[in-house]
>>> print(open('entry27.csv').read())   # CSV, C-alpha atoms
chain,number,residue,atom,x,y,z
E,278,MET,CA,-14.0,-2.3,27.3
E,279,ILE,CA,-10.8,-4.2,26.4
E,280,VAL,CA,-12.9,-7.0,24.9
E,281,ARG,CA,-14.8,-4.5,22.8
E,282,VAL,CA,-11.6,-2.9,21.5
E,283,ALA,CA,-10.2,-6.3,20.7
E,284,MET,CA,-13.3,-7.3,18.8
E,285,ARG,CA,-13.2,-4.0,16.9
E,286,ASP,CA,-9.6,-4.5,15.9
E,287,ARG,CA,-10.4,-7.9,14.8
E,288,ALA,CA,-13.3,-6.9,12.6
E,289,ALA,CA,-11.1,-4.2,11.1
E,290,PHE,CA,-8.4,-6.8,10.4
E,291,ASP,CA,-10.9,-9.2,8.8
E,292,LEU,CA,-12.1,-6.5,6.5
E,293,LEU,CA,-8.5,-5.4,5.6
E,294,TYR,CA,-7.6,-9.0,4.9
E,295,ARG,CA,-10.6,-9.6,2.7
E,296,HIS,CA,-9.8,-6.6,0.5
E,297,THR,CA,-6.1,-7.1,0.3
E,298,SER,CA,-5.1,-10.7,0.7
E,299,ALA,CA,-5.5,-11.7,-3.0
E,300,LYS,CA,-3.2,-9.0,-4.1
E,301,LEU,CA,-0.6,-9.7,-1.4
E,302,PHE,CA,-0.8,-13.5,-2.0
E,303,GLY,CA,-0.2,-12.8,-5.7
E,304,VAL,CA,2.9,-10.9,-4.8
E,305,CYS,CA,4.2,-13.7,-2.5
E,306,LEU,CA,3.5,-16.3,-5.0
E,307,ARG,CA,5.1,-14.5,-7.9
E,308,VAL,CA,8.3,-13.9,-6.0
E,309,LEU,CA,8.6,-17.2,-4.1
E,310,ARG,CA,7.1,-19.4,-6.9
E,311,ASP,CA,6.0,-21.9,-4.3
E,312,ARG,CA,2.5,-22.1,-2.9
E,313,ALA,CA,3.4,-23.4,0.6
E,314,GLU,CA,6.2,-20.9,1.1
E,315,ALA,CA,4.0,-18.1,-0.3
E,316,GLU,CA,1.3,-19.0,2.2
E,317,GLU,CA,3.7,-18.9,5.0
E,318,ALA,CA,5.1,-15.6,3.8
E,319,LEU,CA,1.6,-14.2,3.6
E,320,GLN,CA,1.0,-15.0,7.2
E,321,GLU,CA,4.2,-13.3,8.3
E,322,VAL,CA,3.3,-10.3,6.2
E,323,TYR,CA,-0.1,-9.8,7.9
E,324,VAL,CA,1.4,-10.3,11.3
E,325,LYS,CA,4.0,-7.7,10.4
E,326,VAL,CA,1.4,-5.3,8.9
E,327,TRP,CA,-0.7,-5.6,12.1
E,328,THR,CA,2.1,-5.0,14.5
E,329,LYS,CA,3.9,-2.3,12.4
E,330,ALA,CA,1.0,-0.3,11.0
E,331,ASP,CA,2.3,2.8,12.6
E,332,ARG,CA,5.1,2.7,10.0
E,333,PHE,CA,2.6,3.5,7.4
E,334,ALA,CA,2.1,7.0,8.8
E,335,ILE,CA,5.6,8.0,7.7
E,336,SER,CA,5.3,6.7,4.2
E,337,ASP,CA,4.3,8.6,1.1
E,338,LEU,CA,2.9,5.4,-0.4
E,339,SER,CA,-0.8,4.8,-0.8
E,340,PRO,CA,-2.1,2.2,1.7
E,341,ILE,CA,-2.4,-0.6,-0.9
E,342,SER,CA,1.1,0.2,-2.3
E,343,TRP,CA,2.4,0.2,1.2
E,344,LEU,CA,1.0,-3.2,1.9
E,345,VAL,CA,2.3,-4.5,-1.4
E,346,ALA,CA,5.8,-3.1,-0.5
E,347,VAL,CA,5.7,-4.9,2.8
E,348,ALA,CA,4.7,-8.2,1.1
E,349,ARG,CA,7.3,-7.7,-1.7
E,350,ASN,CA,10.2,-6.9,0.6
E,351,HIS,CA,9.3,-9.8,2.9
E,352,SER,CA,9.1,-12.2,0.0
E,353,ILE,CA,12.4,-11.0,-1.4
E,354,ASP,CA,14.0,-11.4,2.0
E,355,ARG,CA,12.8,-15.0,2.1
E,356,LEU,CA,14.0,-15.6,-1.4
E,357,ARG,CA,17.5,-14.2,-0.7
E,358,ALA,CA,17.7,-16.2,2.5
E,359,ARG,CA,17.1,-19.4,0.5
E,360,ARG,CA,20.1,-21.3,-0.9
E,361,LEU,CA,20.0,-20.7,-4.6
E,362,SER,CA,20.6,-23.9,-6.5
E,363,ALA,CA,21.4,-24.0,-10.2
E,364,ALA,CA,18.1,-25.8,-10.7
E,365,GLU,CA,16.2,-22.9,-9.2
E,366,ILE,CA,18.0,-20.5,-11.5
E,367,ASP,CA,17.0,-22.4,-14.5
E,368,GLU,CA,13.4,-22.7,-13.2
E,369,ALA,CA,13.4,-19.0,-12.6
E,370,ALA,CA,14.5,-18.2,-16.1
E,371,GLU,CA,11.7,-20.4,-17.5
E,372,VAL,CA,9.1,-18.8,-15.4
E,373,ALA,CA,10.2,-15.4,-16.5
E,374,ASP,CA,10.3,-16.5,-20.2
E,375,GLU,CA,6.7,-17.6,-20.0
E,376,ARG,CA,5.7,-14.0,-19.6
E,377,PRO,CA,7.6,-11.7,-21.9
E,378,THR,CA,4.8,-9.3,-20.8
E,379,PRO,CA,4.3,-5.6,-21.1
E,380,GLU,CA,1.8,-6.5,-18.3
E,381,ALA,CA,2.6,-3.8,-15.8
E,382,LEU,CA,2.3,-1.2,-18.3
E,383,ALA,CA,-1.2,-1.8,-19.6
E,384,VAL,CA,-2.8,-0.1,-16.5
E,385,SER,CA,-4.3,3.3,-16.6
E,386,GLY,CA,-3.3,6.2,-14.4
E,387,GLY,CA,-0.8,9.0,-14.5
E,388,GLU,CA,1.9,7.2,-12.5
E,389,GLN,CA,1.5,4.2,-14.7
E,390,GLU,CA,1.9,6.2,-17.8
E,391,ALA,CA,5.0,8.0,-16.3
E,392,ILE,CA,6.8,4.7,-15.5
E,393,ALA,CA,5.7,3.2,-18.8
E,394,ARG,CA,7.1,6.1,-20.7
E,395,CYS,CA,10.3,6.0,-18.8
E,396,MET,CA,10.7,2.3,-19.1
E,397,ASP,CA,10.3,2.8,-22.9
E,398,GLU,CA,13.3,5.1,-22.8
E,399,LEU,CA,15.5,2.3,-21.5
E,400,GLU,CA,17.0,-0.2,-23.8
E,401,SER,CA,14.6,-3.1,-24.0
E,402,ASP,CA,16.8,-5.7,-22.4
E,403,ARG,CA,17.6,-3.3,-19.5
E,404,ALA,CA,13.9,-2.5,-19.0
E,405,ALA,CA,13.2,-6.3,-18.9
E,406,ALA,CA,16.0,-6.7,-16.3
E,407,VAL,CA,14.5,-3.9,-14.2
E,408,ARG,CA,11.1,-5.5,-14.4
E,409,GLY,CA,12.4,-9.0,-13.7
E,410,ALA,CA,14.2,-7.7,-10.6
E,411,TYR,CA,11.3,-5.7,-9.3
E,412,VAL,CA,8.4,-8.0,-10.1
E,413,ASN,CA,9.9,-11.5,-9.8
E,414,GLY,CA,12.6,-10.6,-7.3
E,415,ASP,CA,15.3,-11.9,-9.6
E,416,SER,CA,18.9,-11.5,-8.2
E,417,TYR,CA,21.8,-10.0,-10.0
E,418,ALA,CA,23.1,-13.5,-10.5
E,419,GLU,CA,19.9,-14.8,-12.1
E,420,LEU,CA,19.6,-11.8,-14.4
E,421,ALA,CA,23.3,-11.9,-15.3
E,422,GLU,CA,22.8,-15.5,-16.4
E,423,ARG,CA,19.7,-14.9,-18.3
E,424,PHE,CA,21.1,-11.9,-20.2
E,425,SER,CA,24.5,-13.6,-20.6
E,426,VAL,CA,26.5,-10.7,-19.1
E,427,PRO,CA,28.9,-10.7,-16.2
E,428,LEU,CA,27.4,-10.1,-12.8
E,429,ASN,CA,29.1,-6.7,-12.3
E,430,THR,CA,27.9,-5.6,-15.7
E,431,MET,CA,24.3,-6.5,-14.7
E,432,ARG,CA,24.7,-4.5,-11.5
E,433,THR,CA,25.9,-1.5,-13.5
E,434,TRP,CA,23.0,-1.9,-16.0
E,435,LEU,CA,20.5,-1.8,-13.3
E,436,ARG,CA,22.0,1.0,-11.4
E,437,ARG,CA,22.2,3.2,-14.5
E,438,SER,CA,18.7,2.2,-15.4
E,439,LEU,CA,17.4,3.2,-11.9
E,440,LEU,CA,19.1,6.6,-12.2
E,441,LYS,CA,17.7,7.1,-15.7
E,442,LEU,CA,14.2,6.2,-14.5
E,443,ARG,CA,14.4,8.7,-11.7
E,444,GLU,CA,15.7,11.4,-14.0
E,445,CYS,CA,12.9,10.7,-16.5
E,446,MET,CA,10.1,10.5,-13.9
E,447,GLU,CA,11.2,13.8,-12.3
E,448,ARG,CA,11.0,15.8,-15.5
T,215,MET,CA,29.5,-17.4,-8.9
T,216,SER,CA,29.8,-15.2,-5.9
T,217,LEU,CA,27.2,-12.7,-4.9
T,218,ASP,CA,29.7,-10.8,-2.8
T,219,ASP,CA,32.4,-9.7,-5.2
T,220,GLY,CA,34.2,-7.5,-2.8
T,221,GLN,CA,33.3,-4.3,-4.6
T,222,THR,CA,29.8,-4.0,-3.2
T,223,HIS,CA,30.8,-2.1,-0.1
T,224,GLU,CA,31.5,1.1,-1.8
T,225,PRO,CA,28.6,1.6,-4.2
T,226,GLU,CA,28.7,4.6,-6.4
T,227,GLY,CA,25.8,6.9,-5.7
T,228,GLY,CA,26.0,6.3,-1.9
T,229,ASP,CA,22.9,5.8,0.2
T,230,ASP,CA,20.6,6.8,-2.6
T,231,MET,CA,21.8,3.9,-4.7
T,232,VAL,CA,21.7,1.5,-1.8
T,233,ALA,CA,18.1,2.5,-1.2
T,234,ALA,CA,17.3,2.1,-4.9
T,235,GLU,CA,18.8,-1.3,-5.1
T,236,TYR,CA,17.1,-2.3,-1.8
T,237,VAL,CA,13.7,-1.4,-3.3
T,238,LEU,CA,14.5,-3.0,-6.7
T,239,GLY,CA,15.2,-6.1,-4.6
T,240,THR,CA,18.6,-6.9,-6.0
T,241,LEU,CA,20.9,-6.4,-3.0
T,242,PRO,CA,22.6,-9.6,-1.9
T,243,ALA,CA,21.3,-11.1,1.3
T,244,ALA,CA,23.9,-9.5,3.7
T,245,GLU,CA,23.6,-6.0,2.2
T,246,ARG,CA,19.9,-6.3,2.1
T,247,ALA,CA,19.8,-7.2,5.8
T,248,ALA,CA,22.1,-4.2,6.6
T,249,ALA,CA,19.8,-1.9,4.6
T,250,ALA,CA,16.7,-3.2,6.4
T,251,ARG,CA,18.4,-2.5,9.8
T,252,ARG,CA,19.2,1.1,8.7
T,253,ILE,CA,15.5,1.6,7.6
T,254,GLU,CA,14.6,0.9,11.2
T,255,THR,CA,17.1,3.2,12.8
T,256,GLU,CA,17.9,6.0,10.3
T,257,GLN,CA,15.1,8.3,9.4
T,258,ASP,CA,16.8,9.9,6.5
T,259,PHE,CA,17.7,6.6,4.9
T,260,ALA,CA,14.1,5.3,5.6
T,261,ARG,CA,12.8,8.4,3.7
T,262,THR,CA,15.2,7.8,0.8
T,263,VAL,CA,13.9,4.2,0.6
T,264,ASP,CA,10.3,5.4,0.7
T,265,ARG,CA,10.9,7.8,-2.2
T,266,TRP,CA,12.2,4.9,-4.3
T,267,GLU,CA,9.2,2.7,-3.2
T,268,VAL,CA,6.9,5.5,-4.5
T,269,ARG,CA,8.8,5.8,-7.8
T,270,LEU,CA,8.8,2.1,-8.6
T,271,ALA,CA,5.4,1.2,-7.0
T,272,PRO,CA,3.5,1.4,-10.4
T,273,MET,CA,5.3,-1.7,-11.5
T,274,ALA,CA,3.4,-3.6,-8.8
T,275,ALA,CA,0.4,-3.5,-11.1
T,276,ALA,CA,2.0,-6.6,-12.7
T,277,TYR,CA,1.0,-8.7,-9.7
T,278,ALA,CA,-2.2,-10.7,-10.4
T,279,GLU,CA,-4.6,-11.3,-7.6
T,280,VAL,CA,-4.6,-14.9,-6.4
T,281,ASP,CA,-7.1,-16.0,-3.7
T,282,ALA,CA,-5.1,-17.1,-0.6
T,283,PRO,CA,-5.9,-20.5,0.9
T,284,ALA,CA,-8.5,-20.3,3.7
T,285,ALA,CA,-6.0,-22.0,6.0
T,286,ALA,CA,-3.8,-18.9,5.8
T,287,LYS,CA,-6.4,-16.6,7.4
T,288,LEU,CA,-7.1,-19.1,10.2
T,289,ALA,CA,-3.4,-19.4,10.9
T,290,ILE,CA,-3.0,-15.6,11.0
T,291,ASP,CA,-6.0,-15.3,13.3
T,292,ARG,CA,-4.4,-17.8,15.6
T,293,ARG,CA,-1.1,-15.8,15.6
T,294,LEU,CA,-2.7,-12.4,16.1
T,295,PHE,CA,-5.7,-13.1,18.2
T,296,GLY,CA,-5.1,-16.6,19.6
T,297,SER,CA,-8.2,-18.1,18.1
T,298,THR,CA,-10.5,-18.2,15.1
T,299,PRO,CA,-13.0,-15.4,14.6
T,300,PRO,CA,-16.3,-15.3,16.4
T,301,GLN,CA,-19.2,-14.7,14.1
T,302,GLY,CA,-21.5,-11.7,14.1
T,303,GLN,CA,-20.3,-10.1,17.3
T,304,THR,CA,-19.0,-6.9,16.0
T,305,GLY,CA,-21.1,-3.7,16.2
T,306,GLY,CA,-21.2,-0.1,15.3
T,307,ILE,CA,-19.1,1.3,12.6
T,308,TRP,CA,-17.4,-1.9,11.7
T,309,GLN,CA,-20.6,-3.7,11.1
T,310,ASN,CA,-21.4,-0.8,8.9
T,311,LEU,CA,-18.1,-1.1,7.2
T,312,ALA,CA,-18.6,-4.8,6.7
T,313,PHE,CA,-21.7,-4.0,4.8
T,314,TRP,CA,-19.6,-2.1,2.3
T,315,ARG,CA,-17.4,-5.0,1.6
T,316,GLY,CA,-17.2,-5.9,-2.0
T,317,LEU,CA,-18.5,-2.5,-3.0
T,318,ALA,CA,-15.4,-0.4,-2.6
T,319,GLY,CA,-12.5,-2.9,-2.8
T,320,PHE,CA,-9.2,-1.2,-2.3
T,321,ALA,CA,-10.8,2.2,-1.6
T,322,VAL,CA,-12.3,0.9,1.6
T,323,ALA,CA,-9.2,-1.0,2.4
T,324,ALA,CA,-7.2,2.1,1.9
T,325,MET,CA,-9.4,4.1,4.2
T,326,LEU,CA,-9.2,1.3,6.7
T,327,VAL,CA,-5.5,1.2,6.9
T,328,LEU,CA,-5.5,4.9,7.6
T,329,ALA,CA,-8.1,4.4,10.2
T,330,LEU,CA,-6.3,1.5,11.8
T,331,VAL,CA,-3.0,3.2,12.4
T,332,PRO,CA,-4.1,5.0,15.6
T,333,LEU,CA,-5.7,1.8,16.9
T,334,LEU,CA,-2.4,0.2,17.0
T,335,THR,CA,-0.4,2.8,18.7
T,336,PRO,CA,-0.9,3.3,22.4
T,337,PRO,CA,-3.8,5.7,23.0
T,338,ALA,CA,-2.6,9.2,23.7
T,339,PRO,CA,-4.5,11.3,26.3
T,340,LEU,CA,-6.7,13.0,23.7
T,341,SER,CA,-9.7,15.1,24.6
T,342,PRO,CA,-11.4,15.2,21.2
T,343,PRO,CA,-11.2,11.8,19.4
T,344,ALA,CA,-8.3,11.6,17.0
T,345,ARG,CA,-10.4,10.0,14.3
T,346,LEU,CA,-14.0,9.9,13.4
T,347,ALA,CA,-15.6,7.9,10.7
T,348,ALA,CA,-19.0,8.0,8.9
T,349,SER,CA,-20.6,6.2,6.1
T,350,LEU,CA,-22.7,8.5,4.1
T,351,ALA,CA,-25.3,6.7,2.1
T,352,ASP,CA,-28.8,6.9,0.8
T,353,PRO,CA,-30.3,3.9,-1.0
T,354,ALA,CA,-32.7,6.3,-2.9
T,355,SER,CA,-29.9,8.3,-4.5
T,356,GLY,CA,-27.4,5.5,-4.7
T,357,VAL,CA,-24.7,7.8,-3.5
T,358,GLN,CA,-22.2,6.3,-1.0
T,359,TYR,CA,-19.1,7.7,0.5
T,360,LEU,CA,-17.0,6.4,3.4
T,361,VAL,CA,-15.4,9.3,5.3
T,362,VAL,CA,-12.7,9.4,7.9
T,363,TYR,CA,-11.8,12.6,9.7
T,364,ASP,CA,-8.3,12.9,11.1
T,365,ALA,CA,-8.3,15.5,13.8
T,366,SER,CA,-4.5,15.8,14.1
T,367,ARG,CA,-4.2,16.8,10.5
T,368,GLY,CA,-7.6,18.6,10.2
T,369,GLU,CA,-8.2,16.5,7.1
T,370,ILE,CA,-11.1,14.5,5.8
T,371,GLY,CA,-10.4,11.4,3.6
T,372,LEU,CA,-13.3,10.4,1.3
T,373,SER,CA,-13.6,7.1,-0.3
T,374,HIS,CA,-16.1,7.2,-3.2
T,375,VAL,CA,-18.1,4.0,-3.5
T,376,SER,CA,-21.0,4.8,-5.8
T,377,GLY,CA,-23.1,7.6,-7.2
T,378,ASP,CA,-22.4,10.2,-9.9
T,379,ALA,CA,-22.8,14.0,-9.7
T,380,GLY,CA,-23.4,14.3,-13.5
T,381,ALA,CA,-22.5,17.8,-14.7
T,382,GLY,CA,-22.6,19.1,-11.1
T,383,ASP,CA,-20.5,18.6,-8.0
T,384,PHE,CA,-21.0,16.9,-4.7
T,385,GLU,CA,-20.5,19.3,-1.7
T,386,LEU,CA,-19.8,18.1,1.8
T,387,TRP,CA,-21.6,19.8,4.7
T,388,LEU,CA,-21.2,19.6,8.5
T,389,ILE,CA,-24.4,19.8,10.5
T,390,GLU,CA,-23.8,20.2,14.2
T,391,GLY,CA,-26.4,20.9,16.8
T,392,GLY,CA,-29.0,23.4,15.7
T,393,ASN,CA,-26.6,25.3,13.5
T,394,ALA,CA,-27.0,25.9,9.8
T,395,PRO,CA,-24.9,23.5,7.7
T,396,ALA,CA,-21.3,24.6,7.2
T,397,SER,CA,-19.7,23.8,3.9
T,398,LEU,CA,-16.6,21.7,4.1
T,399,GLY,CA,-15.9,22.0,0.4
T,400,VAL,CA,-16.7,20.5,-2.9
T,401,ILE,CA,-15.7,16.9,-3.0
T,402,PRO,CA,-12.9,16.4,-5.6
T,403,ASP,CA,-13.4,13.7,-8.3
T,404,GLY,CA,-11.7,10.4,-7.6
T,405,ALA,CA,-12.0,7.2,-5.8
T,406,SER,CA,-10.0,8.4,-2.8
T,407,THR,CA,-9.8,12.1,-2.1
T,408,HIS,CA,-9.0,14.5,0.7
T,409,LEU,CA,-10.5,17.8,2.0
T,410,THR,CA,-8.7,20.0,4.4
T,411,VAL,CA,-11.0,21.4,7.1
T,412,ALA,CA,-10.9,25.1,7.8
T,413,GLU,CA,-9.6,25.9,11.3
T,414,ALA,CA,-12.9,27.3,12.4
T,415,HIS,CA,-14.8,24.1,11.6
T,416,ARG,CA,-12.4,21.7,13.3
T,417,THR,CA,-13.8,22.1,16.8
T,418,LEU,CA,-17.3,21.4,15.5
T,419,ILE,CA,-16.4,18.0,14.1
T,420,ALA,CA,-17.3,15.7,17.0
T,421,PRO,CA,-19.1,12.4,17.6
T,422,GLY,CA,-22.8,12.9,16.9
T,423,ALA,CA,-22.3,15.6,14.3
T,424,VAL,CA,-23.6,14.8,10.9
T,425,PHE,CA,-21.9,14.9,7.5
T,426,ALA,CA,-24.2,15.4,4.5
T,427,ILE,CA,-23.6,15.6,0.8
T,428,SER,CA,-25.7,17.7,-1.5
T,429,LEU,CA,-25.8,17.9,-5.2
T,430,GLU,CA,-24.7,21.4,-6.3
T,431,PRO,CA,-24.0,23.1,-9.6
T,432,ALA,CA,-20.4,22.6,-10.8
T,433,GLY,CA,-18.0,24.5,-8.5
T,434,GLY,CA,-20.4,24.2,-5.5
T,435,SER,CA,-23.1,26.2,-3.9
T,436,ALA,CA,-22.9,29.9,-4.6
T,437,THR,CA,-24.9,30.9,-1.5
T,438,GLY,CA,-23.0,29.2,1.3
T,439,GLN,CA,-26.0,27.0,2.0
T,440,PRO,CA,-27.0,23.8,0.3
T,441,THR,CA,-29.1,24.6,-2.8
T,442,GLY,CA,-29.5,21.1,-4.2
T,443,PRO,CA,-30.9,17.8,-2.8
T,444,VAL,CA,-29.1,16.0,0.0
T,445,VAL,CA,-28.0,12.8,-1.6
T,446,ALA,CA,-26.3,11.1,1.3
T,447,ALA,CA,-25.8,11.7,5.1
T,448,GLY,CA,-24.4,9.9,8.1
T,449,ASP,CA,-23.4,10.6,11.7
T,450,LEU,CA,-19.8,10.6,12.9
T,451,ARG,CA,-18.5,8.0,15.2
T,452,THR,CA,-15.3,7.5,17.1
T,453,ILE,CA,-13.2,4.7,15.7
>>> encode(input="entry27.csv", output="structure tokens")
Amino acid sequence: MIVRVAMRDRAAFDLLYRHTSAKLFGVCLRVLRDRAEAEEALQEVYVKVWTKADRFAISDLSPISWLVAVARNHSIDRLRARRLSAAEIDEAAEVADERPTPEALAVSGGEQEAIARCMDELESDRAAAVRGAYVNGDSYAELAERFSVPLNTMRTWLRRSLLKLRECMER
Amino acid sequence: MSLDDGQTHEPEGGDDMVAAEYVLGTLPAAERAAAARRIETEQDFARTVDRWEVRLAPMAAAYAEVDAPAAAKLAIDRRLFGSTPPQGQTGGIWQNLAFWRGLAGFAVAAMLVLALVPLLTPPAPLSPPARLAASLADPASGVQYLVVYDASRGEIGLSHVSGDAGAGDFELWLIEGGNAPASLGVIPDGASTHLTVAEAHRTLIAPGAVFAISLEPAGGSATGQPTGPVVAAGDLRTI
């Protein structure tokens, strides 16, 4: 019986992995910008998901969004734990500059439209900073440098932007 | 440049702003670690964080899918199961689910995560099974749904894989023993939808019962019994 349960769990896990690993690897890779580290992060994320799946029950996120959130938060944890060298900051700025994208906002769906509309209400550099922080995991320091403002100013920008986003999405 | 500028311990906006910055990802390492600990131990804070995750989640559409190296899966298997996967030894519903792979993408994955949750928590002494699943399919009609029934919430989750009701609606029926089909409701449009089961029907949903989908006029059968063709059916199994 135990063997059967174990096999069933395993088949379930295989299926889950097949359907979600490309998205989650995309998240790890985008945030960590290093294939080997992203691969390691991906492993840790699935181990975490497998052992903490009960946490999903108390979340209002859709299953795939919950998985993405686990991967994103874990990757950002790794990123923050890294020692940030000046070279990496430069590299980060370059990676971000390659994509001046409205990418996130081209997707259909009510929620997408809501956040797209609300991002549009922000000043464009602040919207770019919010997106850089969320999607790339950029730190205040990196964003402050890229937008040439003091670190505390950047923090204030992002906080006010978050409050405006919430206010906008709730109306 | 210092990340910890001494002012960060009294954020304006209190917990809500800490949660927002945690989700945005911008908290410096020490504050981020402190917030992560609070998520584990403080329910209210965890909920505040979750609300921010929900608000900002649409931005995650920016992440492109990138195939993970095969070595990653092998390493995970070793960590979780202590070995690499055996081939072709799974049975029952999972084999059935595996057949659906590639058809439903995230919809199936979504249903699965829901279905997995109770597998991972210690089994409670339940008399009726907590969750039942069925794949409803008929190659002739091309209609396919994956269905998971959650007894604790009296709720059916439906993942639409294929098939189109045209101008009409699909209606879900419970067939149990020799009884006449009982309507569980018109299936809402969408890739992943839910139906709440009437109290009276909940006790009838048990392993071996059959779910069937009929094609009905828009709004569902007016007679209380199926009037259109049955386009998909399947029996319920414990998962």
>>> closest_residue(input="entry27.csv", among="E:Arg423, E:Glu398, E:Val347, E:Asp415", to="chain T", atoms="all atoms listed in the file")
E:Asp415
>>> interface_residues(input="entry27.csv", of="chain T", to="chain E", cutoff="6 Å", atoms="all atoms listed in the file", output="list in words")
Leu238, Gly239, Thr240, Ala243, Val268, Pro272, Met273, Ala275, Ala276, Tyr277, Ala278, Glu279, Val280, Asp281, Ala282, Ile290, Gly319, Ala323, Ala324 and Val331 of chain T
>>> atom_distance(input="entry27.csv", atom1="CA of Arg252 in chain T", atom2="CA of Glu444 in chain E")
25.2 Å
>>> atom_distance(input="entry27.csv", atom1="CA of Gly442 in chain T", atom2="CA of His374 in chain T")
19.3 Å
>>> closest_residue(input="entry27.csv", among="E:Trp434, E:Ala421, E:Glu314, E:Cys445", to="Asp397 in chain E", atoms="all atoms listed in the file")
E:Cys445
>>> decode(input="entry27.csv", residues="range 373-385 of chain T", atoms="N, CA and C atoms", output="mmCIF file, in the first residue's frame")
data_model
loop_
_atom_site.group_PDB
_atom_site.id
_atom_site.type_symbol
_atom_site.label_atom_id
_atom_site.label_comp_id
_atom_site.auth_asym_id
_atom_site.auth_seq_id
_atom_site.Cartn_x
_atom_site.Cartn_y
_atom_site.Cartn_z
ATOM 1 N N SER T 373 -11.833 21.244 -15.240
ATOM 2 C CA SER T 373 -10.815 21.753 -16.143
ATOM 3 C C SER T 373 -11.216 21.372 -17.564
ATOM 4 N N HIS T 374 -11.483 22.370 -18.362
ATOM 5 C CA HIS T 374 -11.963 22.134 -19.722
ATOM 6 C C HIS T 374 -10.784 21.880 -20.646
ATOM 7 N N VAL T 375 -10.797 20.743 -21.300
ATOM 8 C CA VAL T 375 -9.697 20.413 -22.198
ATOM 9 C C VAL T 375 -10.074 20.652 -23.652
ATOM 10 N N SER T 376 -11.224 20.131 -24.031
ATOM 11 C CA SER T 376 -11.621 20.313 -25.427
ATOM 12 C C SER T 376 -13.123 20.138 -25.567
ATOM 13 N N GLY T 377 -13.642 20.563 -26.693
ATOM 14 C CA GLY T 377 -15.068 20.443 -26.977
ATOM 15 C C GLY T 377 -15.765 21.768 -26.786
ATOM 16 N N ASP T 378 -16.798 21.968 -27.583
ATOM 17 C CA ASP T 378 -17.466 23.267 -27.611
ATOM 18 C C ASP T 378 -18.970 23.041 -27.583
ATOM 19 N N ALA T 379 -19.669 23.759 -26.733
ATOM 20 C CA ALA T 379 -21.121 23.577 -26.617
ATOM 21 C C ALA T 379 -21.872 24.395 -27.656
ATOM 22 N N GLY T 380 -21.186 25.124 -28.493
ATOM 23 C CA GLY T 380 -21.850 25.943 -29.516
ATOM 24 C C GLY T 380 -22.764 26.964 -28.861
ATOM 25 N N ALA T 381 -24.006 27.031 -29.330
ATOM 26 C CA ALA T 381 -24.938 28.014 -28.784
ATOM 27 C C ALA T 381 -25.565 27.513 -27.484
ATOM 28 N N GLY T 382 -25.352 26.236 -27.182
ATOM 29 C CA GLY T 382 -25.973 25.669 -25.990
ATOM 30 C C GLY T 382 -25.053 25.713 -24.791
ATOM 31 N N ASP T 383 -25.346 24.870 -23.797
ATOM 32 C CA ASP T 383 -24.519 24.790 -22.597
ATOM 33 C C ASP T 383 -24.259 23.324 -22.278
ATOM 34 N N PHE T 384 -23.107 23.060 -21.648
ATOM 35 C CA PHE T 384 -22.865 21.729 -21.096
ATOM 36 C C PHE T 384 -23.451 21.699 -19.684
ATOM 37 N N GLU T 385 -24.124 20.590 -19.372
ATOM 38 C CA GLU T 385 -24.660 20.435 -18.020
ATOM 39 C C GLU T 385 -24.067 19.170 -17.409
#
